[in-house]
Amino acid sequence: MYSGIGSIDASRFYGAFDADDDGSRGRMYDPHVMRLLPRYLRGVRSQMAWGIAGMVVRAAASLATPYLVAVAVDRFMGTGNFAGVSMIAAIFLAVLLIGWAGQYVENLFLYYAGDGILLRLRTDMFNHLQRLSIGFLDRNSVGKLMSRVQNDVQQLQELVTGGVPTIIISILTLVGMGCVMALMNARLALLTLAVVPVLGAVLYVWQRYAHRSFMRVRRAIAAVNAQLQESISGVRVVQSLGRETVNLSLFDEVNRAHLDANIRANRLTSTMMPVGEVAAALATGLVIIFGGYQVLAGQMGIGVLLAFLLYVQRFFGPVQELIMEYAELQRATVAGSRIAQLLDVTPDIQDAPDAVDLPSVAGEVSFHHVGFGYQPGTEVLHDVDLQVRPGETVAVVGHTGAGKSSLVNLVTRFYDVGEGSVTIDGHDVRSVTQRSLRRHMGIVLQEPFLFSGSIADNIRFGRPEAGHDEVVQAAKVVGAHDFISRLERGYDTHVGERGVNISAGQRQLVCLARAIVVDPPILILDEATSSVDATTEKIMQQSVGQVMRGRTCIIVAHRLSTVTNADRIVVLEQGRVVETGSHDELVAAHGHYYHMLTGQPPLPCDDGTPGEAPC
């Protein structure tokens with residue numbers, strides 16, 4: 001997350017994920033988008049079929065009306081046949097009604113189809129985001145990912161419901177008009193349509209610049225969303241440091257970058273509109289001059305001339321619509337490529353093809369010469385060899401950056417080891433399914449995160465089928481029942497987003513109850529008491545002591561007072577296990593643990609370098 005001070009370059013908000021959007025994936029034909037769309041169009045085939053049928057009817061009606069005008073003028077008005085004129089007028093009205101009905105069917109079913117695609121696509125993206133590895137989510141801001149799920153999907157949906165129908169009906173109308181005009185007067189039709197290749201050449205040149213501009217717009221709105229999400233999430237820090245003015249300046253900068261990108265894109269789009277107008281005016285002039293000459297020479301009826309004028313006006317209406325929708329198609333292709341790019345991301349952590357469900361376990365956790373690093377070439381853990389016996393409580397301590405949380409992240413398989421292996425009762429965690437592995441674990445993290453809903457809903461979050469009595473029992477075990485009972489609505493109290501209307505200590509107790517209600521054989525507490533006061537910490541220590549009975553428990557702690565009763569304490573220093581033993585044994589040894597406990601400087605390594613440095 002960005003937390004810089006002072007002026008910024010808005011491009012910094014685009015991030016590593018957006019850096020892959022070099023524009024090559026925003027062109028008119030994008031193979032990633034072409035693979036994406038059929039998957040979602042298959043689910044709305046019937047709606048699309050009805051919508052296309054409505055388009056064809058509307059196009060046919062549009063083609064018929066100028067021809068009816070020509071027939072009425074040349075065949076019936078010239079001869080004074082008012083009965084024929086009346087008949088043509090009735091047919092004209094019927095054609096209009098049929099065209100309106102076709103347009104109604106088209107709009108209705110295409111909107112159904114678009115909404116269906118929107119539903120499936122957002123659901124798939126949400127499901128995919130939930131399965132992506134923690135490492136990917138750590139590297140990419142929530143705001144940018146939200147932009148892809150919301151803005152980009154909306155842009156793609158608008159293409160399906162508005163852009164694609166317009167493009168199809170415009171092409172059908174243009175082809176139909178060209179054929180009808182050729183049948184009525186081939187020479188005049190060729191002369192009138194001579195301006196179309198010129199328009200095509202201009203459009204070809206224009207689109208080479210357009211897709212880059214539209215890509216910039218998508219990136220810019222992602223930057224705005226990222227800054228907005230970050231500022232709202234960190235509003236307490238912003239207000240506590242009086243950073244409102246600075247943050248407003250930062251947001252204004254990315255917001256103006258978005259404005260500039262939109263202005264450039266709209267400027268490009270606007271350049272094409274006069275081109276269409278000029279082409280229409282030119283074609284109309286050609287029809288009047290050369291068509292009028294043929295009428296005066298007796299080579300063509302005045303009704304045909306009128307029909308040609310109507311066709312020309314209607315012909316360049318779809319051309320202008322195509323120009324506008326071409327811009328929308330560019331935007332949607334860019335949005336689609338960004339969606340496809342996200343859906344193409346493969347989770348770093350995946351179940352092996354032959355992965356099996358982890359059976360019931362006693363709770364033995366073993367690290368076999370484990371090496372691990374978040375970035376290639378930079379190791380956080382070095383040759384860790386450790387065994388936690390079933391039912392044993394092991395505390396992992398060390399200075400900040402020693403690798404404590406990294407160790408438990410490997411047990412839960414939020415990350416995979418670089419070297420060695422981690423096993424549960426002899427099963428390599430990489431050989432079992434992630435769902436079954438985590439079903440055997442209760443995890444309480446440093447930051448007590450609660451979801452919007454009642455306290456009872458949060459406690460049973462990992463086991464929705466848990467009854468009220470089980471929820472209450474879990475709360476009693478961790479010492480949360482008393483404070484919950486004092487709340488106005490008890491277990492039905494709504495905690496609000498992230499549980500902000502109860503204290504941090506109370507949130508942590510609810511999180512501990514949430515871990516306990518699933519009755520896990522392995523319990524992991526990652527700095528679970530770091531954000532609570534001394535009174536709540538004492539309650540949690542008593543609760544944890546009761547909770548740990550009969551379970552394997554791994555406690556990551558920075559506050560050493562919380563681990564004195566652990567069966568064994570493991571001391572990490574720069575990713576290596578440097579000491580292990582009970583509290584009394586380690587104090588008596590006067591080693592690393594003793595120096596941490598007494599606040600003395602860390603011991604040097606065997607080669608005399610400071611203990612904080614790699615040994």
# chains A, B, ... in the order shown; residues from 1 in each chain; ligands from 1
$ closest_atom_pairs --of "region 326-371 of chain A" --to "region 417-424 of chain A" --cutoff "7 Å" --atoms "only C-alpha atoms" --output "Markdown table"
| residue | atom | partner | partner_atom | distance |
| --- | --- | --- | --- | --- |
| A:Gly363 | CA | A:Ile424 | CA | 6.6 |
| A:Glu364 | CA | A:Ile424 | CA | 5.6 |
| A:Val365 | CA | A:Ile424 | CA | 4.8 |
| A:Ser366 | CA | A:Thr423 | CA | 5.2 |
| A:Phe367 | CA | A:Val422 | CA | 4.7 |
| A:His368 | CA | A:Ser421 | CA | 5.3 |
| A:His369 | CA | A:Gly420 | CA | 5.0 |
| A:Val370 | CA | A:Gly420 | CA | 4.4 |
| A:Gly371 | CA | A:Glu419 | CA | 4.6 |
$ select_by_dssp --residues "region 434-480 of chain A" --states "strand (DSSP E)" --output "ChimeraX atom specification"
/A:441-444
$ write_last_selection --atoms "N, CA and C atoms" --output "tab-separated table (two decimals), in the first residue's frame"
chain	number	residue	atom	x	y	z
A	441	MET	N	-7.40	-27.02	11.55
A	441	MET	CA	-6.68	-25.97	12.24
A	441	MET	C	-7.61	-24.84	12.66
A	442	GLY	N	-7.32	-24.29	13.83
A	442	GLY	CA	-7.96	-23.06	14.26
A	442	GLY	C	-6.88	-21.99	14.31
A	443	ILE	N	-7.13	-20.87	13.64
A	443	ILE	CA	-6.10	-19.84	13.49
A	443	ILE	C	-6.63	-18.52	14.05
A	444	VAL	N	-5.87	-17.92	14.94
A	444	VAL	CA	-6.20	-16.58	15.45
A	444	VAL	C	-5.04	-15.67	15.10
$ residues_around --residues "region 247-257 of chain A" --least-positions-apart "3" --cutoff "6 Å" --atoms "only C-alpha atoms" --output "VMD selection string"
chain A and resid 10 224 243 to 244 260
$ write_last_selection --atoms "C-alpha atoms" --output "short mmCIF file (atom, residue, chain, number, x, y, z; two decimals), in the first residue's frame"
data_model
loop_
_atom_site.label_atom_id
_atom_site.label_comp_id
_atom_site.auth_asym_id
_atom_site.auth_seq_id
_atom_site.Cartn_x
_atom_site.Cartn_y
_atom_site.Cartn_z
CA ALA A 10 -0.02 9.10 -10.38
CA VAL A 224 -8.50 6.31 -8.08
CA ARG A 243 -3.16 14.17 7.09
CA GLU A 244 -6.55 15.06 5.62
CA ASP A 260 -6.85 13.92 -18.12
#
$ atom_distance --atom1 "CA of Arg389 (chain A)" --atom2 "CA of Gly426 (chain A)"
11.6 Å
$ residues_around --residues "Ile88 (chain A)" --least-positions-apart "6" --cutoff "12 Å" --atoms "only C-alpha atoms" --output "JSON, numbers by chain"
{"A": [64, 65, 66, 67, 68, 69, 70, 71, 72, 73, 74, 75, 76, 77, 81, 82, 94, 95]}
$ write_last_selection --atoms "N, CA and C atoms" --output "mmCIF file, in the first residue's frame"
data_model
loop_
_atom_site.group_PDB
_atom_site.id
_atom_site.type_symbol
_atom_site.label_atom_id
_atom_site.label_comp_id
_atom_site.auth_asym_id
_atom_site.auth_seq_id
_atom_site.Cartn_x
_atom_site.Cartn_y
_atom_site.Cartn_z
ATOM 1 N N ALA A 64 -37.117 -1.322 -45.271
ATOM 2 C CA ALA A 64 -38.328 -1.339 -46.104
ATOM 3 C C ALA A 64 -38.943 0.037 -46.294
ATOM 4 N N THR A 65 -38.845 0.921 -45.306
ATOM 5 C CA THR A 65 -39.592 2.181 -45.372
ATOM 6 C C THR A 65 -39.161 3.101 -46.523
ATOM 7 N N PRO A 66 -37.864 3.322 -46.786
ATOM 8 C CA PRO A 66 -37.523 4.163 -47.947
ATOM 9 C C PRO A 66 -37.987 3.556 -49.272
ATOM 10 N N TYR A 67 -37.915 2.202 -49.358
ATOM 11 C CA TYR A 67 -38.369 1.550 -50.589
ATOM 12 C C TYR A 67 -39.864 1.778 -50.789
ATOM 13 N N LEU A 68 -40.636 1.727 -49.688
ATOM 14 C CA LEU A 68 -42.077 1.975 -49.790
ATOM 15 C C LEU A 68 -42.353 3.402 -50.264
ATOM 16 N N VAL A 69 -41.511 4.363 -49.836
ATOM 17 C CA VAL A 69 -41.664 5.743 -50.294
ATOM 18 C C VAL A 69 -41.463 5.820 -51.805
ATOM 19 N N ALA A 70 -40.428 5.128 -52.309
ATOM 20 C CA ALA A 70 -40.164 5.131 -53.756
ATOM 21 C C ALA A 70 -41.330 4.544 -54.530
ATOM 22 N N VAL A 71 -41.894 3.436 -54.040
ATOM 23 C CA VAL A 71 -43.035 2.795 -54.714
ATOM 24 C C VAL A 71 -44.245 3.730 -54.718
ATOM 25 N N ALA A 72 -44.502 4.348 -53.561
ATOM 26 C CA ALA A 72 -45.664 5.238 -53.465
ATOM 27 C C ALA A 72 -45.553 6.400 -54.433
ATOM 28 N N VAL A 73 -44.375 7.010 -54.544
ATOM 29 C CA VAL A 73 -44.204 8.189 -55.396
ATOM 30 C C VAL A 73 -44.223 7.816 -56.867
ATOM 31 N N ASP A 74 -43.450 6.822 -57.268
ATOM 32 C CA ASP A 74 -43.285 6.525 -58.691
ATOM 33 C C ASP A 74 -44.446 5.750 -59.293
ATOM 34 N N ARG A 75 -45.069 4.850 -58.486
ATOM 35 C CA ARG A 75 -46.100 3.987 -59.066
ATOM 36 C C ARG A 75 -47.519 4.520 -58.876
ATOM 37 N N PHE A 76 -47.739 5.183 -57.753
ATOM 38 C CA PHE A 76 -49.120 5.535 -57.439
ATOM 39 C C PHE A 76 -49.391 7.043 -57.470
ATOM 40 N N MET A 77 -48.480 7.864 -56.914
ATOM 41 C CA MET A 77 -48.728 9.311 -56.912
ATOM 42 C C MET A 77 -48.692 9.884 -58.315
ATOM 43 N N ASN A 81 -53.220 7.383 -58.354
ATOM 44 C CA ASN A 81 -53.852 6.205 -57.732
ATOM 45 C C ASN A 81 -53.804 6.360 -56.216
ATOM 46 N N PHE A 82 -54.845 7.015 -55.684
ATOM 47 C CA PHE A 82 -54.841 7.277 -54.246
ATOM 48 C C PHE A 82 -55.130 6.014 -53.439
ATOM 49 N N ALA A 94 -47.709 -0.470 -40.717
ATOM 50 C CA ALA A 94 -47.509 -1.833 -40.198
ATOM 51 C C ALA A 94 -46.014 -2.149 -40.042
ATOM 52 N N VAL A 95 -45.219 -1.714 -41.009
ATOM 53 C CA VAL A 95 -43.772 -1.947 -40.937
ATOM 54 C C VAL A 95 -43.165 -1.224 -39.738
#
$ residues_around --residues "Ala474 (chain A)" --least-positions-apart "5" --cutoff "8 Å" --atoms "only C-alpha atoms" --output "PyMOL selection string"
chain A and resi 513-514+516-517
$ write_last_selection --atoms "N, CA and C atoms" --output "compact mmCIF listing (two decimals), in the first residue's frame"
# COMPACT_ATOMS: atom_id res chain seq x y z
N ALA A 513 -12.96 -17.54 19.95
CA ALA A 513 -14.14 -18.41 19.98
C ALA A 513 -14.43 -18.96 18.59
N ARG A 514 -14.23 -18.15 17.57
CA ARG A 514 -14.45 -18.58 16.18
C ARG A 514 -13.53 -19.74 15.82
N ILE A 516 -12.26 -21.85 18.03
CA ILE A 516 -12.54 -22.99 18.89
C ILE A 516 -13.80 -23.74 18.48
N VAL A 517 -14.78 -23.03 17.94
CA VAL A 517 -16.06 -23.67 17.65
C VAL A 517 -15.92 -24.77 16.60
$ closest_atom_pairs --of "region 383-458 of chain A" --to "region 583-594 of chain A" --cutoff "12 Å" --atoms "only C-alpha atoms" --output "Markdown table"
| residue | atom | partner | partner_atom | distance |
| --- | --- | --- | --- | --- |
| A:Val394 | CA | A:His583 | CA | 11.0 |
| A:Ala395 | CA | A:His583 | CA | 9.9 |
| A:Val396 | CA | A:Tyr593 | CA | 10.8 |
| A:Val397 | CA | A:Tyr593 | CA | 8.3 |
| A:Gly398 | CA | A:Tyr593 | CA | 8.1 |
| A:His399 | CA | A:His592 | CA | 10.1 |
$ atom_distance --atom1 "CA of Glu527 (chain A)" --atom2 "CA of Lys144 (chain A)"
29.3 Å
$ closest_atom_pairs --of "region 316-353 of chain A" --to "region 120-137 of chain A" --cutoff "8 Å" --atoms "only C-alpha atoms" --output "JSON lines"
{"residue": "A:Leu343", "atom": "CA", "partner": "A:Met125", "partner_atom": "CA", "distance": 6.8}
{"residue": "A:Val345", "atom": "CA", "partner": "A:Leu132", "partner_atom": "CA", "distance": 7.9}
{"residue": "A:Thr346", "atom": "CA", "partner": "A:Leu132", "partner_atom": "CA", "distance": 7.3}
{"residue": "A:Pro347", "atom": "CA", "partner": "A:Leu132", "partner_atom": "CA", "distance": 4.8}
{"residue": "A:Asp348", "atom": "CA", "partner": "A:Ser133", "partner_atom": "CA", "distance": 5.6}
{"residue": "A:Ile349", "atom": "CA", "partner": "A:Ser133", "partner_atom": "CA", "distance": 5.8}
$ write_last_selection --atoms "C-alpha atoms" --output "compact mmCIF listing (two decimals), in the first residue's frame"
# COMPACT_ATOMS: atom_id res chain seq x y z
CA LEU A 343 -8.77 -14.71 -14.40
CA VAL A 345 -3.60 -15.60 -12.80
CA THR A 346 -2.72 -19.03 -11.49
CA PRO A 347 -2.63 -19.36 -7.69
CA ASP A 348 0.86 -19.97 -6.38
CA ILE A 349 -0.58 -22.48 -3.93
$ closest_residue --among "A:Ile98, A:Ala557, A:Val44, A:Leu159" --to "Arg58 (chain A)" --atoms "only C-alpha atoms"
A:Ile98
$ residues_around --residues "Arg264 (chain A)" --least-positions-apart "4" --cutoff "9 Å" --atoms "only C-alpha atoms" --output "MDAnalysis selection string"
chainID A and resid 213:214 217 259:260 268:269
$ closest_residue --among "A:Thr333, A:Thr412, A:Ser141, A:Asn262" --to "Gln157 (chain A)" --atoms "only C-alpha atoms"
A:Thr333
$ atom_distance --atom1 "CA of Val510 (chain A)" --atom2 "CA of Arg435 (chain A)"
22.6 Å
$ residues_around --residues "Glu573 (chain A)" --least-positions-apart "2" --cutoff "8 Å" --atoms "only C-alpha atoms" --output "number ranges by chain"
A: 398-399, 402-403, 571, 575-578, 611-612
$ closest_residue --among "A:Met596, A:Ala226, A:Met272, A:Val408" --to "Ile555 (chain A)" --atoms "only C-alpha atoms"
A:Val408
$ closest_residue --among "A:Ala90, A:Ile554, A:Ile171, A:Cys179" --to "Arg568 (chain A)" --atoms "only C-alpha atoms"
A:Ile554
$ closest_residue --among "A:Ile221, A:Leu282, A:Leu228, A:Ala466" --to "Val196 (chain A)" --atoms "only C-alpha atoms"
A:Leu282
